[in-house]
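J.: Pasting in a structure now, in structure tokens, and then I'll have a few things to ask.
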Amino acid sequence: MGSQASKQVERRKALHKEKKILSDLGFSSGEDYPGSDYHPIDRKNWMFGLDPQKLHINKIVWPGTHDSATDKIGIPFITRPFAQCQSLSIYNQLVMGTRVFDIRVQKDRLVCHGILVTYSVDIVIKDVKKFLSETESEIIILEVRTEFGHEDPPEFDKYLDEQLGEYLIPQDDKVFEKTIAEVLPKRVICVWKPRKSPQPKAGSNLWSEGYLKDNWINTDLPSTKFDSNLKHLSEQQPVTSRKYFYRVENTVTPVPDNPILCVRPVTERIHGYNRLFIAECFSKGYADRLQVFSTDFIDQDFVDACVGLTHARIEGKA
């Protein structure tokens, strides 16, 4: 009992120290970077607003969400706080400007986060289709994976193809160098990551797991995650040299040996430092490597931070 209490005291000290590190860094370095003052007039159509003929796929800084379809997961006020990473539906995230989605599924095609489940993936597809029908030039990256510890939904590749086929951008390395205008009217890059089923083949409508990479570390310490994100980003090639999407997640997550296990209070430790992270990328010379930037509980400021940098790239300022 005494050793456990001592351990928690040390963890609280570590957390306090890490929060101070980021706070001090923000105070000394600031959050300004090329495009930081830009705010899209219409977030629902922000790619259209940046001009589809000028905007190359590999120049976009894609605002994304972590565990995207968890707005109604679990039981409200009981299990939901332990698994909910977004408060908005997929459709409302799209309207706000989110363009990359992390969808976890299990064998029965229910969306899940660990052992907790929510609605059918059909709801996700319906929201995506609704948004696509209301817009003309917005491109979406839809990552669908079988959650760890679960079995693949049977024939799920066929399901995705049947549901989204008319919108799917086929797997092709040349896509990265194209403008949005050059891939239209196709609108969705769908990355399917099964656990045991065969990966999508080259040239198919679905993209295989190697096309969306990240370096996830499981920690609830904000400076530890911030520094890890910078380190792994520094090891990537510039976006113009890559033939895959690389994701950085501005999140920290609850860990079992910490008494605070609800997602929101933990992830709030790093949530407000998205602009600081982009500014640090410029400071350290890594800004040309930033591509997919994801978060829990996405908001307008996070979207604007990504869109602003994208705008600066189009203008030749970044």
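Residues are named by chain letter and number: chains run A, B, ... in the order of the structure tokens, numbers start at 1 in each chain, and ligands are numbered from 1 in the order shown.
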Counting only C-alpha atoms, which residues of segment 79-106 of chain A fall within 6 Å of segment 146-167 of chain A, and what is the closest atom pair for each with its distance in Å at one decimal, ordered by chain and rising number, as CSV?
T.:
residue,atom,partner,partner_atom,distance
A:Arg104,CA,A:Glu147,CA,5.2
A:Val105,CA,A:Thr146,CA,5.0
A:Gln106,CA,A:His150,CA,5.5
J.: Restrict the selected residues to N, CA, C and O atoms and save them as a short mmCIF file (atom, residue, chain, number, x, y, z; two decimals), in the first residue's frame.
T.:
data_model
loop_
_atom_site.label_atom_id
_atom_site.label_comp_id
_atom_site.auth_asym_id
_atom_site.auth_seq_id
_atom_site.Cartn_x
_atom_site.Cartn_y
_atom_site.Cartn_z
N ARG A 104 -12.24 2.10 -35.71
CA ARG A 104 -11.91 0.76 -35.21
C ARG A 104 -13.16 -0.13 -35.27
O ARG A 104 -14.22 0.29 -34.78
N VAL A 105 -13.04 -1.32 -35.82
CA VAL A 105 -14.20 -2.21 -35.93
C VAL A 105 -13.88 -3.58 -35.35
O VAL A 105 -12.72 -3.94 -35.13
N GLN A 106 -14.96 -4.34 -35.08
CA GLN A 106 -14.82 -5.72 -34.64
C GLN A 106 -15.60 -6.61 -35.60
O GLN A 106 -16.13 -6.15 -36.61
#
J.: Leaving out Leu142 of chain A and any residue of its chain fewer than 3 positions from it, which residues lie within 6 Å of it when counting only C-alpha atoms, given as a PyMOL selection string?
T.: chain A and resi 100-101+190
J.: Could the residues in this selection be written to a file with N, CA and C atoms, as a PDB file, in the first residue's frame?
T.:
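The resulting result31.pdb:
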ATOM      1  N   VAL A 100      -9.232  13.315 -41.763  1.00  0.00           N
ATOM      2  CA  VAL A 100      -8.670  11.975 -41.568  1.00  0.00           C
ATOM      3  C   VAL A 100      -9.372  11.326 -40.377  1.00  0.00           C
ATOM      4  N   PHE A 101      -9.819  10.086 -40.577  1.00  0.00           N
ATOM      5  CA  PHE A 101     -10.603   9.401 -39.551  1.00  0.00           C
ATOM      6  C   PHE A 101     -10.004   8.042 -39.218  1.00  0.00           C
ATOM      7  N   CYS A 190      -9.322   5.273 -48.851  1.00  0.00           N
ATOM      8  CA  CYS A 190      -9.742   4.361 -47.780  1.00  0.00           C
ATOM      9  C   CYS A 190      -8.634   3.353 -47.504  1.00  0.00           C
TER      10      CYS A 190
END
J.: Rank nothing, just name the residue among A:Gly97, A:Gly285, A:Pro81, A:Pro222 nearest to Gln236 of chain A, using only C-alpha atoms.
T.: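 Nearest candidate to Gln236 of chain A out of A:Gly97, A:Gly285, A:Pro81, A:Pro222: A:Gly285.
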J.: Which parts of segment 22-70 of chain A does DSSP call strand (DSSP E or B) when run on the backbone here, written out as a PyMOL selection string?
T.: chain A and resi 56+62-65
J.: Go ahead and save the picked residues with C-alpha atoms, as an mmCIF file, in the first residue's frame.
T.:
data_model
loop_
_atom_site.group_PDB
_atom_site.id
_atom_site.type_symbol
_atom_site.label_atom_id
_atom_site.label_comp_id
_atom_site.auth_asym_id
_atom_site.auth_seq_id
_atom_site.Cartn_x
_atom_site.Cartn_y
_atom_site.Cartn_z
ATOM 1 C CA HIS A 56 -1.360 18.946 -54.061
ATOM 2 C CA TRP A 62 -4.547 16.903 -42.797
ATOM 3 C CA PRO A 63 -6.504 17.565 -39.556
ATOM 4 C CA GLY A 64 -7.491 14.185 -38.165
ATOM 5 C CA THR A 65 -9.138 12.541 -35.195
#
J.: Between atom CA of Lys44 of chain A and atom CA of Val128 of chain A, measure the distance and give it in Å to one decimal.
T.: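 Computing it gives 12.7 Å between the two atoms.
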J.: Just the alpha helix (DSSP H) stuff from segment 81-179 of chain A, please, per backbone DSSP, written as a PyMOL selection string.
T.: chain A and resi 90-96+121-134+156-164
J.: Pick from A:Ser87, A:Asn215, A:Ser204, A:Thr98: nearest to Val263 of chain A, with only C-alpha atoms counted?
T.: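 Closest residue, counting only C-alpha atoms: A:Ser87.
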J.: Using only C-alpha atoms, which protein or nucleic acid residues come within 9 Å of Leu212 of chain A? Drop anything in the same chain fewer than 2 positions from it, and give the result as a ChimeraX atom specification.
T.: /A:143,191,207-210,214,244-247
J.: Take the residues that were just selected and, keeping N, CA and C atoms, output them as a CSV table (one decimal), in the first residue's frame.
T.:
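New file again.csv:
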chain,number,residue,atom,x,y,z
A,143,GLU,N,-9.4,5.7,-42.5
A,143,GLU,CA,-8.6,4.6,-42.1
A,143,GLU,C,-9.6,3.7,-41.3
A,191,VAL,N,-8.0,3.4,-46.3
A,191,VAL,CA,-7.0,2.5,-45.9
A,191,VAL,C,-7.6,1.5,-45.0
A,207,TRP,N,-6.6,1.0,-49.9
A,207,TRP,CA,-5.2,1.2,-49.7
A,207,TRP,C,-4.7,0.3,-48.6
A,208,SER,N,-3.5,-0.3,-48.7
A,208,SER,CA,-3.0,-1.1,-47.6
A,208,SER,C,-2.4,-0.4,-46.5
A,209,GLU,N,-2.1,-1.0,-45.4
A,209,GLU,CA,-1.7,-0.4,-44.1
A,209,GLU,C,-0.4,0.4,-44.2
A,210,GLY,N,0.5,0.1,-45.2
A,210,GLY,CA,1.7,0.8,-45.3
A,210,GLY,C,1.6,2.2,-45.8
A,214,ASP,N,2.4,5.6,-38.4
A,214,ASP,CA,2.7,6.5,-37.2
A,214,ASP,C,3.6,5.8,-36.3
A,244,TYR,N,3.7,7.7,-48.8
A,244,TYR,CA,2.8,7.2,-47.8
A,244,TYR,C,2.4,8.4,-46.9
A,245,PHE,N,1.4,8.3,-46.1
A,245,PHE,CA,1.0,9.4,-45.2
A,245,PHE,C,1.6,9.1,-43.8
A,246,TYR,N,2.1,10.1,-43.2
A,246,TYR,CA,2.7,9.9,-41.8
A,246,TYR,C,1.9,10.7,-40.8
A,247,ARG,N,1.4,10.1,-39.8
A,247,ARG,CA,0.5,10.7,-38.8
A,247,ARG,C,1.3,11.0,-37.5
J.: Give me the residues within 12 Å of Leu94 of chain A as a ChimeraX atom specification, counting only C-alpha atoms and dropping any in the same chain fewer than 2 places off.
T.: /A:42-47,62-65,68-69,88-92,96-101,124,127-132,134-135,138-142,298-300,303
